[in-house]
>>> print(open('entry-v8.txt').read())   # compact mmCIF, C-alpha atoms
# COMPACT_ATOMS: atom_id res chain seq x y z
CA MET A 82 29.26 53.62 -28.81
CA SER A 83 27.30 50.37 -29.14
CA ALA A 84 23.80 49.96 -27.71
CA ALA A 85 23.35 48.19 -24.41
CA THR A 86 22.46 44.53 -24.41
CA PRO A 87 18.68 44.12 -23.81
CA SER A 88 17.60 42.54 -20.54
CA GLU A 89 16.45 38.91 -20.51
CA SER A 90 12.87 39.99 -19.70
CA ASP A 91 12.76 41.87 -23.01
CA ARG A 92 13.32 38.78 -25.14
CA ILE A 93 10.70 37.14 -27.34
CA GLU A 94 10.60 33.34 -27.21
CA ALA A 95 9.11 30.82 -29.62
CA ASP A 96 8.93 27.05 -29.35
CA TYR A 97 9.09 24.73 -32.36
CA VAL A 98 9.09 21.07 -33.26
CA ILE A 99 11.53 20.47 -36.13
CA GLU A 100 12.28 17.55 -38.42
CA THR A 101 15.64 17.51 -40.17
CA ALA A 102 18.23 15.25 -41.81
CA PHE A 103 20.93 17.67 -40.58
CA ASP A 104 22.44 17.66 -37.12
CA PRO A 105 19.56 19.26 -35.13
CA GLU A 106 21.95 21.73 -33.47
CA VAL A 107 23.20 22.87 -36.88
CA ALA A 108 19.63 23.15 -38.15
CA ALA A 109 18.58 25.17 -35.09
CA ASP A 110 21.51 27.54 -35.62
CA ALA A 111 20.34 28.01 -39.21
CA MET A 112 16.89 28.96 -37.93
CA ALA A 113 18.36 31.52 -35.55
CA GLY A 114 20.62 33.02 -38.19
CA GLU A 115 17.94 33.20 -40.88
CA GLN A 116 15.53 35.00 -38.59
CA SER A 117 17.97 37.53 -37.15
CA SER A 118 21.40 38.83 -38.13
CA GLY A 119 22.79 35.98 -40.23
CA THR A 120 22.36 34.42 -43.66
CA PHE A 121 23.78 31.45 -45.59
CA VAL A 122 27.35 32.84 -45.65
CA PRO A 123 29.42 34.82 -43.08
CA LEU A 124 28.93 38.58 -43.34
CA PRO A 125 31.62 41.16 -42.65
CA GLY A 126 29.11 43.36 -40.85
CA GLU A 127 27.99 40.64 -38.45
CA THR A 128 30.49 41.52 -35.77
CA PRO A 129 30.57 39.92 -32.32
CA GLU A 130 29.14 43.16 -30.91
CA LEU A 131 26.24 43.15 -33.37
CA LYS A 132 25.51 39.47 -32.69
CA ALA A 133 25.48 40.12 -28.96
CA ARG A 134 22.85 42.81 -29.53
CA SER A 135 20.71 41.30 -32.25
CA ALA A 136 21.26 37.63 -32.97
CA ALA A 137 18.58 35.12 -32.16
CA ARG A 138 19.64 32.50 -29.62
CA VAL A 139 18.93 28.82 -29.38
CA GLU A 140 17.71 28.63 -25.79
CA ALA A 141 16.87 24.94 -25.69
CA LEU A 142 17.05 21.86 -27.89
CA ASP A 143 15.61 18.50 -26.86
CA ARG A 144 16.04 15.69 -29.33
CA LEU A 145 12.99 13.47 -29.87
CA ASP A 146 12.54 10.26 -31.86
CA ASP A 147 13.93 9.79 -35.35
CA VAL A 148 11.53 9.15 -38.25
CA MET A 149 11.90 6.88 -41.25
CA THR A 150 10.87 9.23 -44.06
CA PRO A 151 10.61 13.02 -44.44
CA SER A 152 7.16 14.44 -43.73
CA LEU A 153 7.36 17.16 -46.38
CA PRO A 154 9.02 17.37 -49.80
CA GLY A 155 11.92 19.57 -50.86
CA ALA A 156 14.27 19.23 -47.89
CA ALA A 157 17.94 18.43 -48.30
CA ARG A 158 19.02 14.94 -47.19
CA PRO A 159 22.70 15.02 -46.17
CA THR A 160 22.29 11.95 -43.93
CA ASP A 161 20.00 8.96 -43.74
CA THR A 162 18.94 9.89 -40.23
CA ILE A 163 15.89 12.15 -39.95
CA ALA A 164 15.75 13.61 -36.46
CA THR A 165 12.99 15.44 -34.68
CA ALA A 166 13.54 17.88 -31.82
CA ARG A 167 11.91 20.53 -29.70
CA VAL A 168 13.65 23.88 -30.11
CA THR A 169 13.25 27.23 -28.37
CA LEU A 170 14.58 30.40 -30.00
CA SER A 171 14.67 33.87 -28.52
CA TRP A 172 15.15 37.38 -29.92
CA PRO A 173 15.76 40.77 -28.32
CA ILE A 174 12.69 42.93 -28.67
CA ASP A 175 14.94 45.72 -29.93
CA ASN A 176 15.14 43.88 -33.26
CA LEU A 177 11.51 44.67 -34.06
CA GLY A 178 9.80 46.52 -31.25
CA PRO A 179 6.36 45.48 -29.96
CA SER A 180 4.89 44.99 -33.44
CA LEU A 181 2.58 42.07 -34.19
CA PRO A 182 3.14 42.07 -37.98
CA ASN A 183 6.89 42.05 -37.47
CA LEU A 184 6.58 39.46 -34.72
CA VAL A 185 5.01 37.06 -37.23
CA ALA A 186 7.76 37.82 -39.72
CA THR A 187 10.31 37.04 -37.02
CA VAL A 188 8.98 33.84 -35.45
CA ALA A 189 7.71 32.38 -38.74
CA GLY A 190 8.91 34.21 -41.84
CA ASN A 191 11.19 32.14 -44.05
CA LEU A 192 11.58 29.28 -41.59
CA PHE A 193 9.05 27.04 -43.32
CA GLU A 194 11.04 27.22 -46.56
CA LEU A 195 14.50 26.40 -45.28
CA LYS A 196 15.95 23.31 -46.98
CA GLN A 197 17.26 22.03 -43.64
CA PHE A 198 13.73 21.05 -42.62
CA SER A 199 11.25 18.43 -43.73
CA GLY A 200 9.00 19.55 -40.90
CA LEU A 201 8.68 22.71 -38.78
CA ARG A 202 5.81 23.73 -36.51
CA ILE A 203 5.43 26.66 -34.11
CA THR A 204 4.02 25.36 -30.83
CA ASP A 205 4.05 28.41 -28.54
CA ILE A 206 5.24 31.99 -28.18
CA ARG A 207 6.00 34.11 -25.09
CA LEU A 208 6.12 37.87 -25.29
CA PRO A 209 7.49 40.66 -23.10
CA ASP A 210 5.15 43.13 -21.43
CA ALA A 211 5.88 45.72 -24.11
CA PHE A 212 3.34 43.92 -26.31
CA ALA A 213 0.66 44.32 -23.64
CA ASP A 214 1.47 48.03 -23.54
CA ALA A 215 1.33 48.39 -27.33
CA TYR A 216 -1.92 46.50 -27.98
CA GLY A 217 -5.29 46.82 -26.31
CA GLY A 218 -6.30 43.20 -26.67
CA PRO A 219 -9.94 42.20 -26.20
CA ARG A 220 -12.12 45.07 -25.06
CA PHE A 221 -14.93 42.83 -23.81
CA GLY A 222 -13.70 39.26 -23.43
CA VAL A 223 -15.68 36.94 -21.18
CA ALA A 224 -17.05 39.47 -18.68
CA GLY A 225 -18.11 42.04 -21.25
CA THR A 226 -19.73 39.45 -23.46
CA ARG A 227 -21.70 38.05 -20.53
CA ARG A 228 -22.83 41.53 -19.53
CA LEU A 229 -24.09 42.42 -23.00
CA ALA A 230 -25.79 39.05 -23.52
CA GLY A 231 -27.31 38.97 -20.03
CA VAL A 232 -26.00 35.47 -19.31
CA THR A 233 -24.10 34.89 -16.07
CA ALA A 234 -23.45 31.41 -14.73
CA ARG A 235 -23.82 29.16 -17.79
CA PRO A 236 -22.44 29.18 -21.33
CA LEU A 237 -24.06 31.32 -24.00
CA ILE A 238 -26.25 29.10 -26.17
CA GLY A 239 -25.68 30.12 -29.77
CA THR A 240 -26.45 29.22 -33.34
CA ILE A 241 -25.59 30.10 -36.92
CA ILE A 242 -27.90 31.39 -39.63
CA LYS A 243 -28.50 28.45 -41.96
CA PRO A 244 -28.65 28.00 -44.91
CA SER A 245 -25.30 29.78 -44.92
CA VAL A 246 -26.19 31.76 -48.04
CA GLY A 247 -29.33 32.09 -50.11
CA LEU A 248 -31.56 33.88 -47.60
CA GLY A 249 -32.39 37.52 -48.21
CA PRO A 250 -32.59 40.19 -45.49
CA GLU A 251 -36.21 39.56 -44.57
CA GLU A 252 -35.81 35.79 -44.63
CA THR A 253 -32.81 36.16 -42.32
CA ALA A 254 -34.93 38.34 -40.04
CA ASP A 255 -37.74 35.74 -40.07
CA LEU A 256 -35.34 33.00 -38.99
CA THR A 257 -33.94 35.33 -36.31
CA ARG A 258 -37.50 35.85 -35.04
CA THR A 259 -37.91 32.09 -34.64
CA LEU A 260 -34.60 31.77 -32.83
CA VAL A 261 -35.05 34.65 -30.39
CA ALA A 262 -38.54 33.38 -29.57
CA ALA A 263 -36.92 30.03 -28.75
CA GLY A 264 -34.75 31.71 -26.11
CA ILE A 265 -31.39 31.74 -27.90
CA ASP A 266 -28.59 33.88 -26.41
CA PHE A 267 -26.33 34.35 -29.41
CA ILE A 268 -26.70 34.20 -33.22
CA LYS A 269 -24.03 34.69 -35.84
CA ASP A 270 -23.92 35.19 -39.57
CA ASP A 271 -22.29 32.32 -41.39
CA GLU A 272 -18.78 33.29 -42.49
CA LEU A 273 -19.91 32.97 -46.14
CA GLN A 274 -22.56 35.66 -45.70
CA SER A 275 -21.31 39.23 -45.76
CA ASP A 276 -22.56 41.85 -48.24
CA GLY A 277 -23.56 40.17 -51.48
CA PRO A 278 -26.22 41.57 -53.84
CA ALA A 279 -28.66 38.85 -52.76
CA CYS A 280 -28.41 39.86 -49.09
CA PRO A 281 -26.97 43.37 -48.69
CA PHE A 282 -25.34 43.97 -45.32
CA ASP A 283 -27.20 47.17 -44.41
CA GLU A 284 -30.62 45.73 -45.21
CA ARG A 285 -29.88 42.50 -43.36
CA ALA A 286 -28.54 44.27 -40.27
CA ARG A 287 -31.52 46.64 -40.04
CA ALA A 288 -34.06 43.85 -40.58
CA VAL A 289 -32.43 41.61 -37.98
CA MET A 290 -32.09 44.35 -35.38
CA ARG A 291 -35.78 45.27 -35.71
CA VAL A 292 -36.60 41.71 -34.71
CA ILE A 293 -34.08 41.66 -31.85
CA ASP A 294 -35.27 45.02 -30.53
CA GLU A 295 -38.92 43.90 -30.63
CA ASP A 296 -38.01 40.81 -28.64
CA ALA A 297 -35.97 42.87 -26.16
CA GLU A 298 -38.94 45.15 -25.54
CA ARG A 299 -41.05 42.12 -24.64
CA THR A 300 -38.48 40.22 -22.60
CA GLY A 301 -36.04 42.81 -21.30
CA ARG A 302 -33.19 40.69 -22.69
CA LYS A 303 -31.28 41.49 -25.87
CA VAL A 304 -29.99 38.63 -27.99
CA MET A 305 -26.42 39.09 -29.22
CA PHE A 306 -26.07 38.86 -33.01
CA ALA A 307 -22.58 38.73 -34.56
CA PHE A 308 -22.88 40.46 -37.93
CA ASN A 309 -20.17 39.44 -40.39
CA ILE A 310 -18.41 42.67 -41.33
CA THR A 311 -15.45 40.99 -43.08
CA GLY A 312 -14.19 43.23 -45.88
CA ASP A 313 -11.72 45.98 -46.68
CA LEU A 314 -10.71 48.29 -43.83
CA ASP A 315 -13.11 51.07 -44.76
CA GLN A 316 -15.93 48.58 -45.32
CA MET A 317 -15.37 47.00 -41.91
CA ARG A 318 -15.30 50.37 -40.15
CA ARG A 319 -18.50 51.50 -41.89
CA ARG A 320 -20.33 48.23 -41.22
CA HIS A 321 -19.21 48.25 -37.59
CA ASP A 322 -20.47 51.80 -37.17
CA LEU A 323 -23.84 50.88 -38.66
CA VAL A 324 -24.23 47.93 -36.28
CA ALA A 325 -23.35 50.15 -33.32
CA GLU A 326 -25.71 52.89 -34.52
CA ILE A 327 -28.73 50.57 -34.78
CA GLY A 328 -28.11 49.00 -31.37
CA GLY A 329 -26.27 45.81 -32.24
CA SER A 330 -23.94 44.25 -29.70
CA CYS A 331 -21.41 42.21 -31.72
CA VAL A 332 -19.52 42.09 -35.01
CA MET A 333 -17.69 39.21 -36.64
CA ALA A 334 -14.56 39.04 -38.79
CA SER A 335 -12.84 36.17 -40.57
CA LEU A 336 -9.25 36.35 -39.31
CA ASN A 337 -7.48 34.75 -42.26
CA SER A 338 -9.45 36.89 -44.70
CA VAL A 339 -8.97 40.32 -43.13
CA GLY A 340 -5.37 39.62 -42.10
CA LEU A 341 -3.45 40.73 -39.08
CA VAL A 342 -3.37 44.43 -39.88
CA GLY A 343 -7.09 44.37 -40.66
CA MET A 344 -7.81 42.82 -37.29
CA ILE A 345 -5.52 45.24 -35.45
CA GLU A 346 -7.28 48.22 -37.00
CA LEU A 347 -10.72 46.77 -36.31
CA GLY A 348 -9.67 46.14 -32.71
CA ARG A 349 -8.61 49.77 -32.34
CA HIS A 350 -11.84 51.02 -33.91
CA THR A 351 -14.43 48.81 -32.32
CA ALA A 352 -16.97 49.73 -29.67
CA LEU A 353 -18.44 46.21 -29.83
CA PRO A 354 -17.18 42.69 -29.09
CA ILE A 355 -15.36 41.07 -32.02
CA HIS A 356 -16.35 37.49 -32.79
CA ALA A 357 -13.23 36.11 -34.47
CA HIS A 358 -13.83 33.29 -36.94
CA ARG A 359 -10.89 31.06 -37.81
CA ASN A 360 -12.12 29.69 -41.18
CA GLY A 361 -9.05 28.64 -43.14
CA TRP A 362 -7.36 27.40 -39.98
CA GLY A 363 -6.83 23.98 -41.53
CA TYR A 364 -4.30 25.19 -44.08
CA LEU A 365 -2.16 26.54 -41.24
CA SER A 366 -2.40 23.50 -39.02
CA ARG A 367 -3.67 20.29 -40.52
CA HIS A 368 -0.32 18.70 -41.27
CA PRO A 369 1.19 17.80 -37.87
CA SER A 370 4.72 18.64 -39.06
CA LEU A 371 3.96 22.05 -40.53
CA GLY A 372 2.47 25.40 -39.58
CA TRP A 373 1.15 26.62 -36.24
CA SER A 374 -0.32 25.17 -33.11
CA TYR A 375 -3.46 26.94 -31.97
CA VAL A 376 -1.75 27.68 -28.65
CA ALA A 377 0.69 30.01 -30.41
CA TRP A 378 -1.62 31.32 -33.13
CA GLN A 379 -4.48 32.51 -30.93
CA LYS A 380 -2.20 34.71 -28.83
CA ILE A 381 -1.57 36.97 -31.82
CA TRP A 382 -5.29 37.52 -32.43
CA ARG A 383 -6.03 38.09 -28.77
CA LEU A 384 -3.48 40.89 -28.73
CA ALA A 385 -5.03 42.31 -31.90
CA GLY A 386 -8.44 42.56 -30.24
CA ALA A 387 -10.49 39.37 -30.61
CA ASP A 388 -13.10 38.83 -27.88
CA HIS A 389 -14.36 35.40 -28.99
CA MET A 390 -12.24 32.72 -30.70
CA HIS A 391 -13.51 29.61 -32.46
CA VAL A 392 -11.97 26.38 -31.18
CA ASN A 393 -14.05 23.72 -33.00
CA GLY A 394 -16.00 21.25 -30.80
CA LEU A 395 -15.89 17.76 -29.38
CA SER A 396 -16.83 14.96 -31.82
CA ASN A 397 -16.82 17.62 -34.52
CA LYS A 398 -17.47 17.28 -38.25
CA PHE A 399 -13.87 18.22 -39.07
CA CYS A 400 -10.58 16.37 -38.61
CA GLU A 401 -9.48 17.79 -35.26
CA PRO A 402 -9.24 15.38 -32.31
CA ASP A 403 -10.98 16.21 -29.04
CA ASP A 404 -7.79 16.71 -27.01
CA SER A 405 -6.66 19.43 -29.43
CA VAL A 406 -10.05 21.18 -29.17
CA VAL A 407 -9.89 21.17 -25.38
CA GLN A 408 -6.31 22.46 -25.34
CA SER A 409 -7.33 25.28 -27.71
CA ALA A 410 -10.24 26.29 -25.48
CA ARG A 411 -8.17 26.18 -22.30
CA THR A 412 -5.48 28.40 -23.76
CA CYS A 413 -8.08 31.06 -24.65
CA LEU A 414 -8.93 31.28 -20.95
CA GLU A 415 -5.32 31.42 -19.75
CA PRO A 416 -3.93 34.91 -19.00
CA MET A 417 -1.27 36.19 -21.39
CA PHE A 418 0.24 38.82 -19.10
CA VAL A 419 0.05 39.39 -15.36
CA LYS A 420 -1.00 43.01 -15.72
CA LYS A 421 -3.35 42.44 -18.68
CA PRO A 422 -4.79 38.90 -18.83
CA MET A 423 -6.43 39.30 -22.29
CA THR A 424 -8.55 36.20 -21.86
CA VAL A 425 -11.14 35.54 -24.56
CA MET A 426 -14.30 33.46 -24.77
CA PRO A 427 -13.82 30.17 -26.64
CA VAL A 428 -16.52 29.26 -29.15
CA PHE A 429 -17.43 25.59 -29.47
CA SER A 430 -19.07 24.80 -32.80
CA SER A 431 -19.13 22.24 -35.62
CA GLY A 432 -21.61 19.42 -35.24
CA GLN A 433 -22.49 20.27 -31.64
CA SER A 434 -25.66 19.13 -29.92
CA ALA A 435 -26.77 18.15 -26.44
CA LYS A 436 -24.77 14.93 -26.57
CA GLN A 437 -21.33 16.62 -26.22
CA ILE A 438 -22.26 18.94 -23.36
CA PHE A 439 -21.23 16.85 -20.36
CA ASP A 440 -17.90 15.84 -21.91
CA THR A 441 -17.22 19.46 -22.92
CA TYR A 442 -17.71 20.76 -19.40
CA GLU A 443 -15.80 17.91 -17.80
CA ALA A 444 -12.83 18.47 -20.11
CA LEU A 445 -12.76 22.28 -19.95
CA GLY A 446 -13.77 22.76 -16.33
CA SER A 447 -15.35 26.12 -17.11
CA ALA A 448 -18.69 27.50 -18.27
CA ASP A 449 -17.03 30.52 -19.91
CA LEU A 450 -17.79 29.63 -23.51
CA ILE A 451 -20.21 30.05 -26.37
CA TYR A 452 -21.81 26.74 -27.31
CA ALA A 453 -22.96 27.16 -30.91
CA ALA A 454 -25.17 24.55 -32.54
CA GLY A 455 -26.81 24.80 -35.96
CA GLY A 456 -28.31 21.41 -36.64
CA GLY A 457 -28.31 20.74 -32.89
CA ILE A 458 -30.97 23.44 -32.55
CA MET A 459 -32.73 23.79 -35.89
CA GLY A 460 -32.50 20.06 -36.60
CA HIS A 461 -34.29 19.08 -33.40
CA PRO A 462 -37.37 17.10 -34.49
CA ASP A 463 -39.63 19.11 -32.18
CA GLY A 464 -38.44 22.47 -33.49
CA SER A 465 -36.00 25.22 -32.56
CA ASP A 466 -37.71 25.88 -29.23
CA ALA A 467 -37.00 22.31 -28.21
CA GLY A 468 -33.47 22.51 -29.63
CA VAL A 469 -32.57 25.53 -27.50
CA ALA A 470 -34.29 24.01 -24.47
CA SER A 471 -32.34 20.76 -24.88
CA LEU A 472 -29.03 22.64 -24.77
CA LYS A 473 -29.99 24.69 -21.73
CA GLN A 474 -31.18 21.53 -19.99
CA GLY A 475 -27.97 19.74 -20.92
CA TRP A 476 -25.83 22.51 -19.47
CA ASP A 477 -27.97 22.62 -16.31
CA ALA A 478 -27.19 18.93 -15.90
CA ALA A 479 -23.48 19.29 -16.52
CA LEU A 480 -23.11 22.25 -14.17
CA SER A 481 -25.01 20.32 -11.48
CA GLY A 482 -22.92 17.17 -11.93
CA VAL A 483 -25.94 15.16 -13.07
CA SER A 484 -25.69 12.79 -16.03
CA LEU A 485 -27.47 13.92 -19.19
CA HIS A 486 -29.56 10.77 -19.32
CA ASP A 487 -30.67 11.08 -15.69
CA HIS A 488 -31.55 14.74 -16.24
CA ALA A 489 -33.47 13.86 -19.40
CA VAL A 490 -35.92 11.57 -17.58
CA THR A 491 -38.17 14.54 -16.80
CA ARG A 492 -37.11 16.75 -19.69
CA PRO A 493 -38.48 15.57 -23.03
CA GLU A 494 -36.54 18.08 -25.13
CA LEU A 495 -33.21 16.81 -23.83
CA ALA A 496 -34.35 13.20 -24.03
CA ARG A 497 -35.33 13.60 -27.68
CA ALA A 498 -32.05 15.34 -28.51
CA LEU A 499 -29.98 12.58 -26.93
CA GLU A 500 -31.97 10.05 -28.96
CA VAL A 501 -31.72 11.91 -32.28
CA TYR A 502 -28.05 12.97 -32.02
CA ALA A 503 -26.78 9.74 -30.44
CA THR A 504 -24.66 8.73 -33.45
>>> encode(input="entry-v8.txt", output="structure tokens")
Amino acid sequence: MSAATPSESDRIEADYVIETAFDPEVAADAMAGEQSSGTFVPLPGETPELKARSAARVEALDRLDDVMTPSLPGAARPTDTIATARVTLSWPIDNLGPSLPNLVATVAGNLFELKQFSGLRITDIRLPDAFADAYGGPRFGVAGTRRLAGVTARPLIGTIIKPSVGLGPEETADLTRTLVAAGIDFIKDDELQSDGPACPFDERARAVMRVIDEDAERTGRKVMFAFNITGDLDQMRRRHDLVAEIGGSCVMASLNSVGLVGMIELGRHTALPIHAHRNGWGYLSRHPSLGWSYVAWQKIWRLAGADHMHVNGLSNKFCEPDDSVVQSARTCLEPMFVKKPMTVMPVFSSGQSAKQIFDTYEALGSADLIYAAGGGIMGHPDGSDAGVASLKQGWDAALSGVSLHDHAVTRPELARALEVYAT
């Protein structure tokens, strides 16, 4: 007796933009076959009953403009016309179950290699509630991060230990002392600093937490420090446990380095917020006709357990345009499921200073973010105290609807920052 056909609510959906010299409908069918029950030739076992149970479906196809030349090499060219189209595929969850690793294999997998395509990009995914049941998602998110950091109505003002590498444990602690005295809310290891012989993790963590604890005794407020625990599974678990044992309140992992399974296991193990760094994101996204949109990609890591997600920043030092940064941040704050929202705190970084604050708030419409500035704090000509003050003053202005320049008239730290970082 054959299995029952899954209900429509149990289907996984993924959206794509494709580029192909084939008929787009034929190309979309090839996508569906490759990623479910079919292959390049008819199979005797692929009966109508099996296809009804297991085949991927093309749910929608909207043809867009044609292009003159293929975006990527290696595609077949049966016609001179190169079409682009938006495509939605769906799969029954019974093909894979609520499994994130197998979800990625299903919605991405071999698709990027198919000769039918000179461009293919995943733009969004939608998942049935079974995924919310199977994965815990962020344990802390926005509310838990705010509670631990002691910051309520405004963004967390953060920074990064710089130089990225080269400082030893005590030098890192000395810089931390300067930053916590300046009134910082959040500090993170650079993603390049983990557990090298020049700065062993255990020594660095203990030295930094002594400084943070001393400051907390004086002020009653504990600065959040995201220690980079990126490593093998056992290393990450041990480093996490050390941070928790010595009173730390955050750990960091590089998503593309630890991989999906590494992040899932860390999410299941953690008792602390996970600051998820996206370094390497460019090789998944930079070509507009290949890879992933952040909208789709970040959903996977939210399910796995990320509490904070990097989204770049406005007028950043990288190649990403501002509208993409804002869309990335907004999607982090959008609920994934009705019964389990899984929202995470977006992290604005990369060349940020007081000058981008008003535009950031106006575009995002929310103060639920970490605003991380390295040079924007430590490069302030009047010192780190003035750098932190300039950011707090800038956010006070934005949240009050007052222009930065008007607010700066009576606030020299902000005025100096707007002068120094104007270009």
>>> residues_near_point(input="entry-v8.txt", point="(5.6, 38.6, -36.7)", cutoff="12 Å", atoms="all atoms listed in the file", output="ChimeraX atom specification")
/A:93-95,116,172,174,176-191,206,208,212,341-342,377-378,380-382
>>> residues_near_point(input="entry-v8.txt", point="(-11.2, 32.4, -18.9)", cutoff="9 Å", atoms="all atoms listed in the file", output="list in words")
Gly222, Val223, Arg411, Thr412, Cys413, Leu414, Glu415, Pro416, Thr424, Val425, Met426, Pro427, Ser447, Ala448, Asp449 and Leu450 of chain A
>>> atom_distance(input="entry-v8.txt", atom1="CA of Met344 in chain A", atom2="CA of Ile451 in chain A")
20.9 Å
>>> closest_residue(input="entry-v8.txt", among="A:Ala230, A:Ala454, A:Ala297, A:Ile242", to="Ser330 in chain A", atoms="only C-alpha atoms")
A:Ala230
>>> closest_residue(input="entry-v8.txt", among="A:Pro219, A:Gly200, A:Gly264, A:Gly340", to="Ser471 in chain A", atoms="only C-alpha atoms")
A:Gly264
>>> closest_residue(input="entry-v8.txt", among="A:Lys196, A:Lys269, A:His368, A:Arg302", to="Ile355 in chain A", atoms="all atoms listed in the file")
A:Lys269
>>> closest_residue(input="entry-v8.txt", among="A:Ile99, A:Ala498, A:Ala213, A:Ala307", to="Val168 in chain A", atoms="only C-alpha atoms")
A:Ile99
>>> atom_distance(input="entry-v8.txt", atom1="CA of Asp466 in chain A", atom2="CA of Val304 in chain A")
15.0 Å
>>> closest_residue(input="entry-v8.txt", among="A:Ala215, A:Gly456, A:Thr204, A:Thr101", to="Thr160 in chain A", atoms="only C-alpha atoms")
A:Thr101
>>> closest_residue(input="entry-v8.txt", among="A:Ala136, A:Val232, A:Leu248, A:Leu365", to="Ile265 in chain A", atoms="all atoms listed in the file")
A:Val232
>>> residues_around(input="entry-v8.txt", residues="Ser396 in chain A", least_positions_apart="5", cutoff="8 Å", atoms="all atoms listed in the file", output="VMD selection string")
chain A and resid 402 to 403 432 to 433 437
>>> residues_around(input="entry-v8.txt", residues="range 275-279 of chain A", least_positions_apart="4", cutoff="9 Å", atoms="all atoms listed in the file", output="ChimeraX atom specification")
/A:246-250,270-271,283,285,308-312
>>> atom_distance(input="entry-v8.txt", atom1="CA of Glu346 in chain A", atom2="CA of His358 in chain A")
16.3 Å
>>> residues_around(input="entry-v8.txt", residues="Glu401 in chain A", least_positions_apart="6", cutoff="10 Å", atoms="only C-alpha atoms", output="JSON, numbers by chain")
{"A": [363, 366, 367, 392, 393, 394, 395]}
>>> write_last_selection(input="entry-v8.txt", atoms="C-alpha atoms", output="mmCIF file, keeping the file's coordinate frame")
data_model
loop_
_atom_site.group_PDB
_atom_site.id
_atom_site.type_symbol
_atom_site.label_atom_id
_atom_site.label_comp_id
_atom_site.auth_asym_id
_atom_site.auth_seq_id
_atom_site.Cartn_x
_atom_site.Cartn_y
_atom_site.Cartn_z
ATOM 1 C CA GLY A 363 -6.830 23.980 -41.530
ATOM 2 C CA SER A 366 -2.400 23.500 -39.020
ATOM 3 C CA ARG A 367 -3.670 20.290 -40.520
ATOM 4 C CA VAL A 392 -11.970 26.380 -31.180
ATOM 5 C CA ASN A 393 -14.050 23.720 -33.000
ATOM 6 C CA GLY A 394 -16.000 21.250 -30.800
ATOM 7 C CA LEU A 395 -15.890 17.760 -29.380
#
>>> residues_around(input="entry-v8.txt", residues="Ala262 in chain A", least_positions_apart="3", cutoff="10 Å", atoms="all atoms listed in the file", output="list of chain:residue names")
A:Leu256, A:Thr257, A:Arg258, A:Thr259, A:Ile265, A:Val292, A:Ile293, A:Asp296, A:Thr300, A:Ser465, A:Asp466
>>> residues_around(input="entry-v8.txt", residues="Glu500 in chain A", least_positions_apart="5", cutoff="12 Å", atoms="only C-alpha atoms", output="PyMOL selection string")
chain A and resi 434-436+457+461-462+471+485-486+489+493-495
